[in-house]
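S.K.: The structure's right below; bear with me while I get my questions together.
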Amino acid sequence: MPEELSPQDIEQRLTRALGPKYEVRRLLGRGGFAEVYEVWDKDLERRLAVKVLRPDVAWTPGMLDRFRHETKAVARFSHPNILAIHFVGEGEGIVYYAMPFVEGQSLADLLRKEGRLPYERVVSLARQILDALQHAHDSGLLHRDIKPDNIMIDRATGKPLLVDFGIAKRLDAGKGMTQTGFVVGTPQYMSPEQALGDTKLDARSDLYSMGAVLFQMLTGAPPFEGETSQEVVAKHIAEPPPAPLAANPQVPQWLSDAVVRCLAKKPSERFQSAAEILGALEQGMASMPPLAVSRAQASAAVGATVKIESGRRRAATAPEVPAAAAAPAASAAAARPWLWAILGVVAAAGGAGAYVILTRPVLVFENRLLEPVRIVAGPRERVVEPGTTLRVPLRRRMAAVAEWRMLRPTSPRGEAMGVEVRGSLALDHPRGRVRRAAEARGTAGAFFAPLITNNTGQPISITVNAGLAGALSCHCTVLPGTSRARIGYYLLYQNSTVRAEDPQGRTATFTDLGPQVDRGTGMVSLRFGPTDLRRR
């Protein structure tokens, strides 16, 4: 039997194993297989989270060997929604790895506090996690424990981070790596084949788990529950998947259908890749109808107009609702000719002007950049994720300026990459929908975001606008095999350049990038291949 150790014993071992350059500060959490500690890196002056495999668990040599190999594989990832691994180590009878310290909460904590989430927010979070999953799968790694506890929400950016590849499995396992061990995962989110101990799991197992997480985000509870783990696993294996729409009528039919397909018992009946799910989400969101006004809102709006015309009171404001709610309203209004008569009077009174009277102005702010944006509009500060839209009610008689600022990505050393990108939005006596956007070209200048793919077989450092005024290093190293690494935004010129350099001093440079950059996002994808590097 392995020796049973207290958290204090493990903390002391970790302190000795890490050495004098690190200070172990406190225990952050303890699970059945590992403990996580906050550690201070004295040299680089940064906070780390160090995960320690509990030495009182009966790890076999084969399991520890696989853990070391697979954690090193994760350390090579470069994706904005995968929590990086800085280093892996062992000593004093323990095995551990170090990650950035995330100020925030897990998706599990968020769901416990807020219950089910609006489907728009679910889709926004899911897009980013699915992109991270596709990156992991393309790199040959299966996560095997996708669940809300393993998705962190960064407090500063609102960005979801996929964490804990500690029980990950290489998709090419079997080529020299032992599979000795036991069934791993979490019963509420485990695919049927994983629960049955299938040793030939593929990416579709992770997609099943992601479907279970999506179900919980939309409904507030996992798809299957029970009094014991065995009961939950049995339901995953035998019971048909429930539809989120049955538990939450506000879920669109297309999204409910997508989740049910993720939860298909047979892998062949699911989506076949995370990218395929992403496509379904994009297509579904594009199909959503425009917002409409319900009967109750129309009545409130008519009442508000009458009050304005009488000069007795300011107009009342009603929120918008999905178009699905307007259908019964139309038939109800048809049965009441007096309602149509009043609406006709309103329309005749001013046409488009009456619409402005009936609706409160709204700022519709779209983030077209590749990074989150923090915006101050009105009394609140909000974070808007890439590719999403924020709606903020405004006052008609306001004269103000809303400020937005992009949240810069950070390098593994904790340094902000790229330059500041910010802007201001004039909101002077707004009417109707005021559409504004954070984009790469505006009054503050033009910027671009190189996405770096490194197929050179060597680690490369990146200098943007090398040879020009304002040349700037990304303060990062892009590891071999990295796909579409984000390194921040930089000033854009017609002759902008991006130069890569390997440890031997060989370089490769893309030039005259101005015409190739997407105007809205500022994105340009650059691939450095094995024959591109040359001696200067």
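Chain labels follow the order of the structure tokens: the first chain is A, the next B, and so on; residue numbering restarts at 1 in every chain, and ligands are counted from 1 in their shown order.
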Per DSSP on the backbone, what are the strand (DSSP E) residues of stretch 20-267 of chain A, as a PyMOL selection string?

M.R.: chain A and resi 22-30+34-41+46-53+87-91+94-100+104-106+141-142+151-154+160-162+169-170

S.K.: Using only C-alpha atoms, pick whichever of A:Arg405, A:Arg54, A:Arg127, A:Arg382 has the shortest atom-to-atom distance to A:Leu425.

M.R.: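 Counting only C-alpha atoms, the residue closest to A:Leu425 is A:Arg405.
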
S.K.: Find the residue from A:Asp198, A:Asp164, A:Asp138, A:Glu120 that sits nearest to A:Pro252; use only C-alpha atoms when measuring.

M.R.: A:Glu120

S.K.: Write out as a ChimeraX atom specification which residues come within 12 Å of stretch 461-467 of chain A when counting only C-alpha atoms, dropping same-chain ones fewer than 6 positions away.

M.R.: /A:411,417-419,447-454,473-480,485-514,526,528

S.K.: Write a file of the selected residues as a PDB file, in the first residue's frame, keeping C-alpha atoms.

M.R.:
ATOM      1  CA  SER A 411       3.702  35.270 -23.448  1.00  0.00           C
ATOM      2  CA  MET A 417       2.573  40.820 -26.513  1.00  0.00           C
ATOM      3  CA  GLY A 418       2.097  43.363 -29.264  1.00  0.00           C
ATOM      4  CA  VAL A 419       0.893  46.931 -28.819  1.00  0.00           C
ATOM      5  CA  PHE A 447      -3.098  47.181 -36.799  1.00  0.00           C
ATOM      6  CA  PHE A 448      -2.588  43.548 -37.735  1.00  0.00           C
ATOM      7  CA  ALA A 449      -2.421  40.219 -35.922  1.00  0.00           C
ATOM      8  CA  PRO A 450      -0.040  37.633 -37.398  1.00  0.00           C
ATOM      9  CA  LEU A 451      -1.070  34.021 -36.739  1.00  0.00           C
ATOM     10  CA  ILE A 452       2.109  31.936 -36.793  1.00  0.00           C
ATOM     11  CA  THR A 453       2.311  28.310 -37.881  1.00  0.00           C
ATOM     12  CA  ASN A 454       5.745  26.791 -37.259  1.00  0.00           C
ATOM     13  CA  SER A 473       9.706  41.387 -30.850  1.00  0.00           C
ATOM     14  CA  CYS A 474       6.765  39.307 -29.666  1.00  0.00           C
ATOM     15  CA  HIS A 475       8.813  38.315 -26.559  1.00  0.00           C
ATOM     16  CA  CYS A 476       7.857  34.730 -27.228  1.00  0.00           C
ATOM     17  CA  THR A 477       9.116  31.508 -28.760  1.00  0.00           C
ATOM     18  CA  VAL A 478       6.845  29.645 -31.172  1.00  0.00           C
ATOM     19  CA  LEU A 479       7.559  25.953 -30.730  1.00  0.00           C
ATOM     20  CA  PRO A 480       7.756  23.509 -33.642  1.00  0.00           C
ATOM     21  CA  ALA A 485      -0.242  30.971 -32.625  1.00  0.00           C
ATOM     22  CA  ARG A 486      -1.537  34.394 -31.613  1.00  0.00           C
ATOM     23  CA  ILE A 487       1.195  36.879 -30.773  1.00  0.00           C
ATOM     24  CA  GLY A 488      -0.801  40.101 -30.399  1.00  0.00           C
ATOM     25  CA  TYR A 489      -1.460  43.111 -32.625  1.00  0.00           C
ATOM     26  CA  TYR A 490       1.130  45.394 -34.255  1.00  0.00           C
ATOM     27  CA  LEU A 491       1.159  48.598 -36.294  1.00  0.00           C
ATOM     28  CA  LEU A 492       0.309  47.923 -39.918  1.00  0.00           C
ATOM     29  CA  TYR A 493       2.031  49.525 -42.917  1.00  0.00           C
ATOM     30  CA  GLN A 494       1.817  48.673 -46.591  1.00  0.00           C
ATOM     31  CA  ASN A 495       5.315  47.155 -46.332  1.00  0.00           C
ATOM     32  CA  SER A 496       4.903  45.484 -42.906  1.00  0.00           C
ATOM     33  CA  THR A 497       7.090  42.438 -42.302  1.00  0.00           C
ATOM     34  CA  VAL A 498       7.197  39.408 -40.010  1.00  0.00           C
ATOM     35  CA  ARG A 499      10.550  37.713 -39.492  1.00  0.00           C
ATOM     36  CA  ALA A 500      11.222  34.334 -37.867  1.00  0.00           C
ATOM     37  CA  GLU A 501      14.623  33.348 -36.475  1.00  0.00           C
ATOM     38  CA  ASP A 502      15.750  29.962 -35.169  1.00  0.00           C
ATOM     39  CA  PRO A 503      18.439  29.291 -32.506  1.00  0.00           C
ATOM     40  CA  GLN A 504      21.109  28.909 -35.236  1.00  0.00           C
ATOM     41  CA  GLY A 505      20.483  32.444 -36.480  1.00  0.00           C
ATOM     42  CA  ARG A 506      18.714  31.424 -39.679  1.00  0.00           C
ATOM     43  CA  THR A 507      15.803  33.665 -40.675  1.00  0.00           C
ATOM     44  CA  ALA A 508      12.760  33.806 -42.919  1.00  0.00           C
ATOM     45  CA  THR A 509      10.713  36.954 -43.564  1.00  0.00           C
ATOM     46  CA  PHE A 510       7.271  37.716 -44.960  1.00  0.00           C
ATOM     47  CA  THR A 511       7.199  41.184 -46.561  1.00  0.00           C
ATOM     48  CA  ASP A 512       4.662  43.720 -47.901  1.00  0.00           C
ATOM     49  CA  LEU A 513       1.851  42.330 -45.759  1.00  0.00           C
ATOM     50  CA  GLY A 514      -0.390  45.419 -45.848  1.00  0.00           C
ATOM     51  CA  LEU A 526       1.739  33.007 -41.902  1.00  0.00           C
ATOM     52  CA  PHE A 528       7.046  29.061 -41.830  1.00  0.00           C
TER      53      PHE A 528
END

S.K.: Give me, as a short mmCIF file (atom, residue, chain, number, x, y, z; two decimals) with C-alpha atoms, in the first residue's frame, all polymer residues having an atom no more than 10 Å from A:Arg30, counting only C-alpha atoms and skipping those fewer than 6 positions away in the same chain.

M.R.:
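Once written, around.cif looks like this:
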data_model
loop_
_atom_site.label_atom_id
_atom_site.label_comp_id
_atom_site.auth_asym_id
_atom_site.auth_seq_id
_atom_site.Cartn_x
_atom_site.Cartn_y
_atom_site.Cartn_z
CA PRO A 7 -1.28 18.01 2.34
CA VAL A 36 -2.76 21.97 -6.73
CA TYR A 37 -0.56 24.54 -4.97
CA LYS A 51 -0.20 20.25 -9.83
CA VAL A 52 1.23 17.32 -7.86
CA ARG A 54 -0.62 12.37 -5.02
#

S.K.: Need the shell around A:Glu381: protein/DNA/RNA residues with any atom at most 12 Å away, counting only C-alpha atoms. Skip same-chain ones fewer than 3 positions apart. Format as an NGL selection string?

M.R.: :A and (156-157 or 373-378 or 384 or 390 or 392 or 402-405)

S.K.: With N, CA and C atoms retained, could you export that selection as a PDB file, in the first residue's frame?

M.R.:
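Below is the file that was written, again_34.pdb:
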ATOM      1  N   ALA A 156     -10.196  38.396 -15.809  1.00  0.00           N
ATOM      2  CA  ALA A 156      -9.875  39.652 -16.492  1.00  0.00           C
ATOM      3  C   ALA A 156     -10.450  39.705 -17.897  1.00  0.00           C
ATOM      4  N   THR A 157     -10.454  38.578 -18.597  1.00  0.00           N
ATOM      5  CA  THR A 157     -10.849  38.578 -20.006  1.00  0.00           C
ATOM      6  C   THR A 157     -12.168  37.877 -20.278  1.00  0.00           C
ATOM      7  N   VAL A 373     -12.105  42.329 -25.734  1.00  0.00           N
ATOM      8  CA  VAL A 373     -12.083  43.783 -25.618  1.00  0.00           C
ATOM      9  C   VAL A 373     -12.835  44.175 -24.352  1.00  0.00           C
ATOM     10  N   ARG A 374     -12.255  45.091 -23.578  1.00  0.00           N
ATOM     11  CA  ARG A 374     -12.947  45.642 -22.408  1.00  0.00           C
ATOM     12  C   ARG A 374     -13.521  47.001 -22.800  1.00  0.00           C
ATOM     13  N   ILE A 375     -14.827  47.177 -22.571  1.00  0.00           N
ATOM     14  CA  ILE A 375     -15.495  48.416 -22.959  1.00  0.00           C
ATOM     15  C   ILE A 375     -16.178  49.032 -21.751  1.00  0.00           C
ATOM     16  N   VAL A 376     -16.063  50.344 -21.638  1.00  0.00           N
ATOM     17  CA  VAL A 376     -16.763  51.109 -20.611  1.00  0.00           C
ATOM     18  C   VAL A 376     -17.842  51.911 -21.317  1.00  0.00           C
ATOM     19  N   ALA A 377     -19.101  51.500 -21.151  1.00  0.00           N
ATOM     20  CA  ALA A 377     -20.240  52.191 -21.752  1.00  0.00           C
ATOM     21  C   ALA A 377     -21.315  52.305 -20.683  1.00  0.00           C
ATOM     22  N   GLY A 378     -21.602  53.525 -20.266  1.00  0.00           N
ATOM     23  CA  GLY A 378     -22.533  53.707 -19.158  1.00  0.00           C
ATOM     24  C   GLY A 378     -21.821  53.436 -17.845  1.00  0.00           C
ATOM     25  N   VAL A 384     -15.962  41.863 -23.883  1.00  0.00           N
ATOM     26  CA  VAL A 384     -16.628  41.319 -25.062  1.00  0.00           C
ATOM     27  C   VAL A 384     -15.665  40.359 -25.751  1.00  0.00           C
ATOM     28  N   LEU A 390     -22.183  42.850 -28.074  1.00  0.00           N
ATOM     29  CA  LEU A 390     -22.732  43.326 -26.804  1.00  0.00           C
ATOM     30  C   LEU A 390     -23.809  44.358 -27.100  1.00  0.00           C
ATOM     31  N   VAL A 392     -26.057  47.295 -25.247  1.00  0.00           N
ATOM     32  CA  VAL A 392     -26.126  48.121 -24.041  1.00  0.00           C
ATOM     33  C   VAL A 392     -27.233  49.154 -24.217  1.00  0.00           C
ATOM     34  N   ALA A 402     -17.937  56.307 -25.258  1.00  0.00           N
ATOM     35  CA  ALA A 402     -17.598  55.001 -24.697  1.00  0.00           C
ATOM     36  C   ALA A 402     -16.174  54.644 -25.117  1.00  0.00           C
ATOM     37  N   GLU A 403     -15.400  54.113 -24.199  1.00  0.00           N
ATOM     38  CA  GLU A 403     -14.016  53.751 -24.476  1.00  0.00           C
ATOM     39  C   GLU A 403     -13.866  52.235 -24.488  1.00  0.00           C
ATOM     40  N   TRP A 404     -13.108  51.714 -25.443  1.00  0.00           N
ATOM     41  CA  TRP A 404     -12.809  50.283 -25.450  1.00  0.00           C
ATOM     42  C   TRP A 404     -11.305  50.068 -25.591  1.00  0.00           C
ATOM     43  N   ARG A 405     -10.859  48.947 -25.057  1.00  0.00           N
ATOM     44  CA  ARG A 405      -9.438  48.607 -25.078  1.00  0.00           C
ATOM     45  C   ARG A 405      -9.288  47.099 -25.231  1.00  0.00           C
TER      46      ARG A 405
END
